[in-house]
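Asks: Here you go, this is protein.tsv (TSV, C-alpha atoms).
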```tsv
chain	number	residue	atom	x	y	z
X	1	MET	CA	20.39	76.54	101.63
X	2	ALA	CA	17.60	75.76	99.22
X	3	ASP	CA	15.33	73.62	101.37
X	4	ASP	CA	11.82	73.59	102.77
X	5	THR	CA	12.75	75.76	105.72
X	6	ALA	CA	14.17	78.66	103.72
X	7	VAL	CA	12.50	81.89	102.69
X	8	THR	CA	13.72	84.57	100.33
X	9	VAL	CA	15.20	87.64	101.97
X	10	TYR	CA	16.93	90.49	100.10
X	11	GLY	CA	16.75	89.09	96.60
X	12	SER	CA	18.39	85.71	96.07
X	13	ASN	CA	19.53	85.26	99.66
X	14	ALA	CA	17.76	82.95	102.08
X	15	ILE	CA	17.39	82.70	105.80
X	16	SER	CA	16.07	79.78	107.80
X	17	ASP	CA	12.44	80.13	108.93
X	18	PRO	CA	11.30	77.43	111.39
X	19	ASN	CA	7.66	78.47	110.96
X	20	LYS	CA	7.44	78.74	107.19
X	21	LYS	CA	4.36	76.52	107.03
X	22	ASN	CA	2.22	78.73	109.24
X	23	LYS	CA	0.49	82.00	108.37
X	24	ASN	CA	3.16	84.18	109.98
X	25	ALA	CA	5.71	83.92	107.15
X	26	PHE	CA	8.97	85.57	108.13
X	27	SER	CA	9.66	86.63	104.53
X	28	VAL	CA	6.46	88.69	104.49
X	29	LYS	CA	7.38	90.48	107.70
X	30	VAL	CA	10.91	91.20	106.48
X	31	GLY	CA	9.41	92.58	103.27
X	32	LEU	CA	7.14	94.90	105.26
X	33	ALA	CA	10.12	96.14	107.25
X	34	GLN	CA	12.07	96.81	104.05
X	35	MET	CA	9.41	99.38	103.12
X	36	LEU	CA	10.93	101.66	105.78
X	37	ARG	CA	14.47	101.61	104.31
X	38	GLY	CA	15.94	105.02	103.65
X	39	GLY	CA	13.59	106.76	106.04
X	40	ALA	CA	13.34	108.31	109.48
X	41	ILE	CA	11.10	106.85	112.19
X	42	VAL	CA	10.01	109.57	114.60
X	43	GLN	CA	8.89	108.96	118.18
X	44	VAL	CA	5.68	110.79	119.09
X	45	THR	CA	3.58	111.03	122.23
X	46	ASN	CA	0.35	112.54	120.90
X	47	VAL	CA	-1.72	113.17	117.78
X	48	ASP	CA	-0.30	116.65	117.10
X	49	GLN	CA	3.27	115.37	117.06
X	50	ALA	CA	2.26	112.48	114.81
X	51	LYS	CA	0.74	114.90	112.30
X	52	ILE	CA	3.88	117.05	112.30
X	53	ALA	CA	6.07	113.99	111.74
X	54	GLU	CA	3.90	112.79	108.86
X	55	SER	CA	3.84	116.20	107.16
X	56	ALA	CA	7.63	116.47	107.55
X	57	GLY	CA	8.15	113.20	105.66
X	58	ALA	CA	8.69	110.58	108.38
X	59	CYS	CA	8.33	107.06	106.98
X	60	CYS	CA	6.76	105.83	110.24
X	61	VAL	CA	5.85	107.10	113.70
X	62	ILE	CA	6.56	105.18	116.89
X	63	VAL	CA	4.17	106.00	119.73
X	64	ALA	CA	5.38	106.15	123.32
X	65	GLU	CA	4.41	107.54	126.69
X	66	GLN	CA	5.52	111.01	127.70
X	67	SER	CA	8.83	110.50	129.49
X	68	GLU	CA	8.58	110.98	133.24
X	69	SER	CA	11.11	110.54	136.01
X	70	GLY	CA	10.63	107.39	138.06
X	71	GLY	CA	8.03	104.68	137.66
X	72	ILE	CA	7.71	101.86	135.15
X	73	SER	CA	7.23	102.63	131.47
X	74	ARG	CA	4.77	100.31	129.79
X	75	MET	CA	2.84	99.87	126.57
X	76	LEU	CA	0.99	103.05	125.60
X	77	ASP	CA	-2.76	103.21	126.19
X	78	PRO	CA	-4.44	101.48	123.17
X	79	ALA	CA	-6.99	104.32	122.98
X	80	VAL	CA	-4.19	106.82	122.30
X	81	ILE	CA	-2.68	104.49	119.72
X	82	LYS	CA	-6.02	104.28	117.90
X	83	GLN	CA	-6.34	108.08	117.91
X	84	ILE	CA	-2.93	108.40	116.27
X	85	GLN	CA	-3.76	105.65	113.75
X	86	ARG	CA	-6.88	107.55	112.70
X	87	ALA	CA	-5.00	110.84	112.45
X	88	VAL	CA	-2.10	109.81	110.18
X	89	GLY	CA	-1.60	107.79	107.04
X	90	VAL	CA	1.95	106.58	107.71
X	91	PRO	CA	2.64	103.25	109.45
X	92	VAL	CA	2.35	103.29	113.24
X	93	MET	CA	4.81	101.43	115.48
X	94	ALA	CA	4.24	100.82	119.20
X	95	LYS	CA	6.50	99.67	122.04
X	96	ALA	CA	6.12	96.53	124.13
X	97	ARG	CA	8.25	95.51	127.10
X	98	VAL	CA	10.91	92.86	126.57
X	99	GLY	CA	9.39	89.41	127.02
X	100	HIS	CA	5.86	90.75	127.53
X	101	PHE	CA	4.08	88.73	124.85
X	102	VAL	CA	0.63	89.76	126.14
X	103	GLU	CA	1.39	93.42	125.46
X	104	ALA	CA	2.43	92.34	121.97
X	105	GLN	CA	-0.84	90.41	121.57
X	106	ILE	CA	-2.79	93.53	122.54
X	107	LEU	CA	-0.85	95.71	120.11
X	108	GLU	CA	-1.45	93.21	117.34
X	109	ALA	CA	-5.18	93.23	118.15
X	110	VAL	CA	-5.18	97.05	118.07
X	111	GLY	CA	-3.75	96.84	114.55
X	112	VAL	CA	-0.38	98.56	114.79
X	113	ASP	CA	1.90	98.07	111.80
X	114	TYR	CA	5.07	97.22	113.75
X	115	ILE	CA	5.96	96.30	117.33
X	116	ASP	CA	9.16	97.49	118.98
X	117	GLU	CA	10.24	95.06	121.71
X	118	ASN	CA	11.99	97.84	123.54
X	119	GLU	CA	14.66	97.38	126.19
X	120	VAL	CA	14.53	101.00	127.32
X	121	ILE	CA	10.96	101.34	128.62
X	122	ALA	CA	11.11	98.37	131.00
X	123	ILE	CA	11.80	94.64	131.04
X	124	ALA	CA	9.02	92.19	131.84
X	125	ASP	CA	11.09	88.99	131.47
X	126	GLU	CA	14.80	89.09	132.30
X	127	ASP	CA	15.58	85.76	130.64
X	128	ASN	CA	13.29	85.44	127.60
X	129	TYR	CA	12.44	87.60	124.64
X	130	ILE	CA	9.13	87.29	122.83
X	131	ASN	CA	8.88	84.47	120.28
X	132	LYS	CA	8.18	86.79	117.39
X	133	HIS	CA	7.41	83.95	114.97
X	134	ASN	CA	4.05	83.60	116.76
X	135	PHE	CA	2.89	87.00	115.47
X	136	ARG	CA	1.80	88.08	112.02
X	137	ILE	CA	3.22	91.63	112.20
X	138	PRO	CA	6.92	92.60	112.07
X	139	PHE	CA	8.95	93.16	115.23
X	140	VAL	CA	11.81	95.57	115.83
X	141	CYS	CA	14.49	94.68	118.39
X	142	GLY	CA	17.51	96.54	119.68
X	143	CYS	CA	21.12	95.41	119.82
X	144	ARG	CA	24.53	96.72	120.83
X	145	ASN	CA	26.65	94.15	118.97
X	146	LEU	CA	26.42	91.68	116.10
X	147	GLY	CA	25.82	88.58	118.22
X	148	GLU	CA	22.90	90.17	120.03
X	149	GLY	CA	21.37	91.37	116.78
X	150	LEU	CA	21.54	87.96	115.12
X	151	ARG	CA	19.99	86.29	118.17
X	152	ARG	CA	17.04	88.65	117.84
X	153	VAL	CA	16.75	87.78	114.13
X	154	ARG	CA	16.62	84.07	115.03
X	155	GLU	CA	13.73	84.88	117.41
X	156	GLY	CA	11.87	86.50	114.51
X	157	ALA	CA	12.87	90.17	114.49
X	158	ALA	CA	12.28	91.67	111.04
X	159	MET	CA	14.25	94.84	111.82
X	160	ILE	CA	17.28	95.48	114.01
X	161	ARG	CA	17.80	98.77	115.83
X	162	THR	CA	21.41	99.37	116.86
X	163	GLN	CA	20.95	101.58	119.87
X	164	GLY	CA	22.98	104.03	121.87
X	165	ASP	CA	21.96	106.52	124.53
X	166	LEU	CA	18.16	106.74	124.42
X	167	SER	CA	17.80	109.06	127.42
X	168	GLY	CA	17.18	112.08	125.20
X	169	SER	CA	20.54	113.69	126.02
X	170	GLY	CA	21.49	114.15	122.36
X	171	ASN	CA	24.80	112.32	122.91
X	172	ILE	CA	25.53	110.22	119.83
X	173	VAL	CA	28.87	108.71	120.89
X	174	GLU	CA	27.39	105.44	122.16
X	175	THR	CA	25.34	104.98	119.00
X	176	VAL	CA	28.42	105.49	116.83
X	177	ARG	CA	30.39	103.03	118.96
X	178	ASN	CA	27.74	100.32	118.66
X	179	VAL	CA	27.12	100.81	114.94
X	180	ARG	CA	30.86	100.61	114.28
X	181	GLU	CA	31.01	97.48	116.44
X	182	VAL	CA	28.32	95.78	114.33
X	183	MET	CA	29.73	96.92	111.00
X	184	GLY	CA	33.29	96.09	112.01
X	185	LYS	CA	32.39	92.53	112.97
X	186	ILE	CA	30.57	92.08	109.66
X	187	ARG	CA	33.68	93.20	107.76
X	188	VAL	CA	35.77	90.72	109.73
X	189	LEU	CA	33.20	88.01	109.01
X	190	THR	CA	33.17	88.58	105.24
X	191	ASN	CA	36.94	88.00	105.08
X	192	MET	CA	36.84	84.76	107.04
X	193	ASP	CA	37.38	81.28	105.69
X	194	GLU	CA	34.22	79.17	105.81
X	195	ASP	CA	35.76	76.91	108.46
X	196	GLU	CA	36.36	79.89	110.76
X	197	VAL	CA	32.69	80.90	110.87
X	198	PHE	CA	31.83	78.10	113.32
X	199	THR	CA	34.28	79.43	115.91
X	200	PHE	CA	33.22	83.03	115.25
X	201	ALA	CA	29.58	82.07	115.83
X	202	LYS	CA	30.55	80.58	119.19
X	203	GLU	CA	32.51	83.71	120.14
X	204	LEU	CA	29.59	85.99	119.27
X	205	GLY	CA	26.93	83.72	120.73
X	206	ALA	CA	25.14	83.97	117.37
X	207	PRO	CA	23.18	81.28	115.45
X	208	TYR	CA	25.54	79.74	112.90
X	209	ASP	CA	23.07	79.68	109.98
X	210	ILE	CA	22.17	83.36	110.40
X	211	LEU	CA	25.85	84.28	110.74
X	212	ALA	CA	26.71	82.33	107.59
X	213	GLN	CA	23.96	84.21	105.75
X	214	THR	CA	25.33	87.50	107.03
X	215	LYS	CA	28.74	86.55	105.64
X	216	GLN	CA	27.20	85.74	102.25
X	217	MET	CA	25.26	89.02	102.11
X	218	GLY	CA	27.92	91.25	103.64
X	219	ARG	CA	25.30	92.92	105.84
X	220	LEU	CA	22.64	92.11	108.40
X	221	PRO	CA	19.97	89.89	106.83
X	222	VAL	CA	17.20	92.30	107.90
X	223	VAL	CA	16.70	96.06	107.83
X	224	HIS	CA	19.15	97.85	110.12
X	225	PHE	CA	18.36	101.22	111.73
X	226	ALA	CA	20.24	103.31	114.31
X	227	ALA	CA	18.73	104.92	117.40
X	228	GLY	CA	19.90	107.17	120.20
X	229	GLY	CA	21.18	110.74	120.28
X	230	ILE	CA	20.19	111.50	116.68
X	231	THR	CA	19.03	115.13	116.89
X	232	THR	CA	20.61	116.89	113.89
X	233	PRO	CA	20.73	116.26	110.13
X	234	ALA	CA	24.47	115.62	110.45
X	235	ASP	CA	23.82	112.90	113.05
X	236	ALA	CA	21.34	111.19	110.73
X	237	ALA	CA	23.67	111.38	107.72
X	238	LEU	CA	26.53	109.99	109.83
X	239	MET	CA	24.48	106.89	110.67
X	240	MET	CA	23.59	106.40	107.02
X	241	GLN	CA	27.20	106.76	105.87
X	242	LEU	CA	28.24	104.20	108.48
X	243	GLY	CA	25.95	101.71	106.72
X	244	CYS	CA	22.54	101.92	108.41
X	245	ASP	CA	19.29	101.73	106.44
X	246	GLY	CA	17.58	104.51	108.39
X	247	VAL	CA	17.31	106.21	111.76
X	248	PHE	CA	15.05	106.51	114.78
X	249	VAL	CA	14.51	110.06	116.02
X	250	GLY	CA	13.51	110.65	119.66
X	251	SER	CA	10.61	112.80	120.78
X	252	GLU	CA	13.08	115.45	122.03
X	253	VAL	CA	13.08	116.75	118.45
X	254	PHE	CA	9.71	118.34	119.29
X	255	ASP	CA	11.21	120.34	122.19
X	256	CYS	CA	11.99	123.30	119.98
X	257	SER	CA	10.35	126.34	118.43
X	258	ASP	CA	9.90	124.73	114.98
X	259	PRO	CA	9.68	120.91	115.23
X	260	TYR	CA	8.47	120.57	111.62
X	261	LYS	CA	11.67	122.20	110.35
X	262	SER	CA	13.83	119.98	112.56
X	263	VAL	CA	12.12	116.75	111.54
X	264	ARG	CA	12.07	117.77	107.87
X	265	ALA	CA	15.80	118.52	107.96
X	266	ILE	CA	16.58	115.06	109.38
X	267	VAL	CA	14.34	113.38	106.79
X	268	GLN	CA	16.14	115.24	103.99
X	269	ALA	CA	19.52	114.32	105.48
X	270	VAL	CA	18.61	110.62	105.48
X	271	ARG	CA	17.53	110.81	101.85
X	272	ASN	CA	20.61	112.76	100.73
X	273	TYR	CA	23.23	111.55	103.18
X	274	ASN	CA	26.07	111.56	100.64
X	275	ASP	CA	25.45	115.10	99.34
X	276	ALA	CA	27.33	117.54	101.55
X	277	HIS	CA	25.77	120.57	99.83
X	278	ILE	CA	22.24	119.45	100.63
X	279	LEU	CA	23.30	118.53	104.17
X	280	ALA	CA	24.72	122.03	104.64
X	281	LYS	CA	21.51	123.58	103.32
X	282	VAL	CA	19.13	121.59	105.55
X	283	SER	CA	21.39	122.12	108.58
X	284	SER	CA	21.31	125.89	108.21
X	285	GLY	CA	19.04	127.93	110.45
X	286	LEU	CA	18.35	125.16	112.93
X	287	ASN	CA	20.29	126.66	115.84
X	288	ASP	CA	17.35	128.72	117.03
X	289	SER	CA	14.94	125.79	116.88
X	290	ILE	CA	16.88	122.80	118.21
X	291	ALA	CA	16.86	123.04	121.98
X	292	THR	CA	19.67	120.53	122.50
X	293	THR	CA	22.10	122.02	119.98
X	294	SER	CA	25.41	123.29	121.34
X	295	ASP	CA	26.24	127.00	121.15
X	296	ALA	CA	29.40	125.99	119.29
X	297	MET	CA	27.43	125.94	116.04
X	298	THR	CA	26.13	129.51	116.43
X	299	GLY	CA	28.82	131.00	114.21
X	300	LEU	CA	28.02	128.84	111.18
X	301	ASN	CA	26.81	131.11	108.36
X	302	LEU	CA	25.97	129.64	104.98
X	303	ASP	CA	24.37	131.32	101.99
X	304	ASP	CA	23.39	130.25	98.49
X	305	ASN	CA	26.61	131.47	96.88
X	306	THR	CA	29.32	130.11	99.12
X	307	GLY	CA	30.15	126.92	100.92
X	308	GLY	CA	30.74	128.84	104.15
X	309	SER	CA	33.82	129.22	106.26
X	310	TYR	CA	34.74	126.15	108.25
```
Can you give me the file's structure in the form of C-alpha cells?

Replies:
Amino acid sequence: MADDTAVTVYGSNAISDPNKKNKNAFSVKVGLAQMLRGGAIVQVTNVDQAKIAESAGACCVIVAEQSESGGISRMLDPAVIKQIQRAVGVPVMAKARVGHFVEAQILEAVGVDYIDENEVIAIADEDNYINKHNFRIPFVCGCRNLGEGLRRVREGAAMIRTQGDLSGSGNIVETVRNVREVMGKIRVLTNMDEDEVFTFAKELGAPYDILAQTKQMGRLPVVHFAAGGITTPADAALMMQLGCDGVFVGSEVFDCSDPYKSVRAIVQAVRNYNDAHILAKVSSGLNDSIATTSDAMTGLNLDDNTGGSY
C-alpha cells in the first residue's frame, strides 16, 4: 500500500487518502483524534458544566443544546460555544447535523477542535453525509456496526463513536450490543483468508481498502469511542475492556448532587479500567449523587481494609 495516496496511521500502517495533496491531510486529523485516546469526553450545555468537566479530568468537552421535548435539535449557538472555549483549556467539540456541511463550515470558522456529525440531534440530509475531507479539523461520526463505521472513515471521519441509547436513560445494553458487534466482526475479519475479504466487504457494505487495513491492524483504523448509557465508572470500564479507546459521557451526569465526583469517578475508571480495586474505590459513595443509579446498589459497602461482600 506504499503509494502516493497513502498516509501513515497508527505507526507503520497506512490508509488511503484521496486528498493527500491538499491542506486537509487526513493523517494530521487522525493524529489529533488520537490525542483523546484513553479519556472521557463529557457533554456539557453551559460554561459551569464545562468547568466542572475540565477540573474532573475530562479530555474534551462536547457542547450541545439543553435537551427539550419536541422540536428540532440543531447546532449550538456559536456565541455559547465561544464562551465555553474561553472558559476551559481542554479541546471543545461541537455537534452538526448529518449532511449539514454549512453548520460544519460555521463550526470550523468558530474554531472548535472537533466536529461531531451527530445522528441523534437531527438529520439535514437523509442520503448524504458531509464530505469530511473538505475540512481541516477532525470529524467524529457514529456507527452501530463495522460496515457503517468504515464507510464513515472513507468519508473522512477521524474518530468513530459506536453508539447505543443516547436518550439519557442510562441503559447501556444497546451500546454493549453494538460494540460487541463491531469487535466481533473485526475478530472474524482477522481470521479470514485474503481472498475472502472481498466478499466480506460486499456483505458489510464497507470499502475494501479500509476493510483490508482493518484486517491488517486488527482494529478500527481510527480512534474508537463508545457512547450511550454510560453513567457509572463500571459502565466506562466495561467499554474499555471490550476494546474501546475511550467513552462519551452524556450531560445527565450533571443531574446529581455532586457532578464533579461523578465525572471524576468515570475519568478514573477509564484510566484504570483493568484494576478492579481502583474501580471499586471510585465507585464507592456515588449512590447518593448519581440520580439515575438503581436502588439495587444501595447495599454495597466497601472500606479500605476489605474487598466488600458481593

Asks: Just to confirm, what's the straight-line distance from CA of Gln83 (chain X) to CA of Ala53 (chain X) in Å (one decimal)?

Replies: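 We find that CA of Gln83 (chain X) and CA of Ala53 (chain X) lie 15.1 Å from each other.
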
Asks: Mind checking which residues fall within 12 Å of Ile81 (chain X), counting only C-alpha atoms, ignoring those fewer than 3 positions away in the same chain, and posting them as number ranges by chain?

Replies: X: 44-47, 50, 61-65, 75-78, 84-88, 91-95, 106-113

Asks: Which residue is closest to Met35 (chain X)? Choose from X:Asp245, X:Glu155, X:Glu117, X:Glu203 and count only C-alpha atoms.

Replies: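 Using only C-alpha atoms, the shortest distance to Met35 (chain X) belongs to X:Asp245.
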
Asks: What is the distance between CA of Ala104 (chain X) and CA of Ile41 (chain X), in Å to one decimal?

Replies: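 Rounded to one decimal, the two atoms are 19.5 Å apart.
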
Asks: Determine, counting all atoms listed in the file, which protein, DNA and RNA residues have an atom within 8 Å of an atom of Arg219 (chain X); residues of the same chain fewer than 5 positions away are not included. Present the result as a list of chain:residue names.

Replies: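 Contacts, in chain order: X:Met183, X:Ile186, X:Thr214.
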
Asks: Could you tell me which of X:Ala226, X:Val263, X:Cys141, X:Val153 comes closest to Gly246 (chain X) if we count only C-alpha atoms?

Replies: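 The answer is X:Ala226, which sits nearest to Gly246 (chain X).
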
Asks: At a cut-off of 9 Å, using all atoms listed in the file, what residues contact Val28 (chain X)? Leave out same-chain residues fewer than 3 positions from it and give the result as a PyMOL selection string.

Replies: chain X and resi 24-25+31-33+136-138

Asks: Rounded to one decimal in Å, what is the spacing between CA of Val253 (chain X) and CA of Arg180 (chain X)?

Replies: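 These two atoms are separated by 24.4 Å.
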
Asks: Just want the 9 Å neighbourhood of Ala237 (chain X), counted on all atoms listed in the file, with same-chain residues fewer than 6 positions away dropped. Output as a ChimeraX atom specification.

Replies: /X:266,269-274,279

Asks: Could those residues be written to a file, using C-alpha atoms, as an mmCIF file, in the frame of the given file?

Replies:
```
data_model
loop_
_atom_site.group_PDB
_atom_site.id
_atom_site.type_symbol
_atom_site.label_atom_id
_atom_site.label_comp_id
_atom_site.auth_asym_id
_atom_site.auth_seq_id
_atom_site.Cartn_x
_atom_site.Cartn_y
_atom_site.Cartn_z
ATOM 1 C CA ILE X 266 16.580 115.060 109.380
ATOM 2 C CA ALA X 269 19.520 114.320 105.480
ATOM 3 C CA VAL X 270 18.610 110.620 105.480
ATOM 4 C CA ARG X 271 17.530 110.810 101.850
ATOM 5 C CA ASN X 272 20.610 112.760 100.730
ATOM 6 C CA TYR X 273 23.230 111.550 103.180
ATOM 7 C CA ASN X 274 26.070 111.560 100.640
ATOM 8 C CA LEU X 279 23.300 118.530 104.170
#
```

Asks: Give the answer as one residue: which of X:Ala276, X:Cys60, X:Gly229, X:Tyr208 has the shortest atom-to-atom distance to Asp195 (chain X), using only C-alpha atoms?

Replies: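 Smallest distance to Asp195 (chain X) is found for X:Tyr208.
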
Asks: From the list X:Ile172, X:Ile123, X:Val282, X:Ala206, which residue is nearest Thr231 (chain X) when using all atoms listed in the file?

Replies: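 Comparing X:Ile172, X:Ile123, X:Val282, X:Ala206 against Thr231 (chain X), the winner is X:Ile172.
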
Asks: Counting all atoms listed in the file, which residues come within 10 Å of (25.1, 89.9, 110.0), with the point read in the file's coordinates, and could you list them as a list in words?

Replies: Leu146, Gly147, Gly149, Leu150, Val153, Val182, Met183, Lys185, Ile186, Arg187, Leu189, Thr190, Ala206, Ile210, Leu211, Ala212, Gln213, Thr214, Lys215, Gln216, Met217, Gly218, Arg219, Leu220, Pro221, Val222 and His224 of chain X

Asks: Restricting the calculation to all atoms listed in the file, which member of X:Gln268, X:Arg37, X:Glu103, X:Gln66 is positioned closest to Ile160 (chain X)?

Replies: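 Nearest candidate to Ile160 (chain X) out of X:Gln268, X:Arg37, X:Glu103, X:Gln66: X:Arg37.
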
Asks: Using all atoms listed in the file, find the one residue out of X:Gly57, X:Gly164, X:Gly184, X:Pro259 that sits nearest to Leu242 (chain X).

Replies: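 Ranked by minimum distance to Leu242 (chain X), first place goes to X:Gly184.
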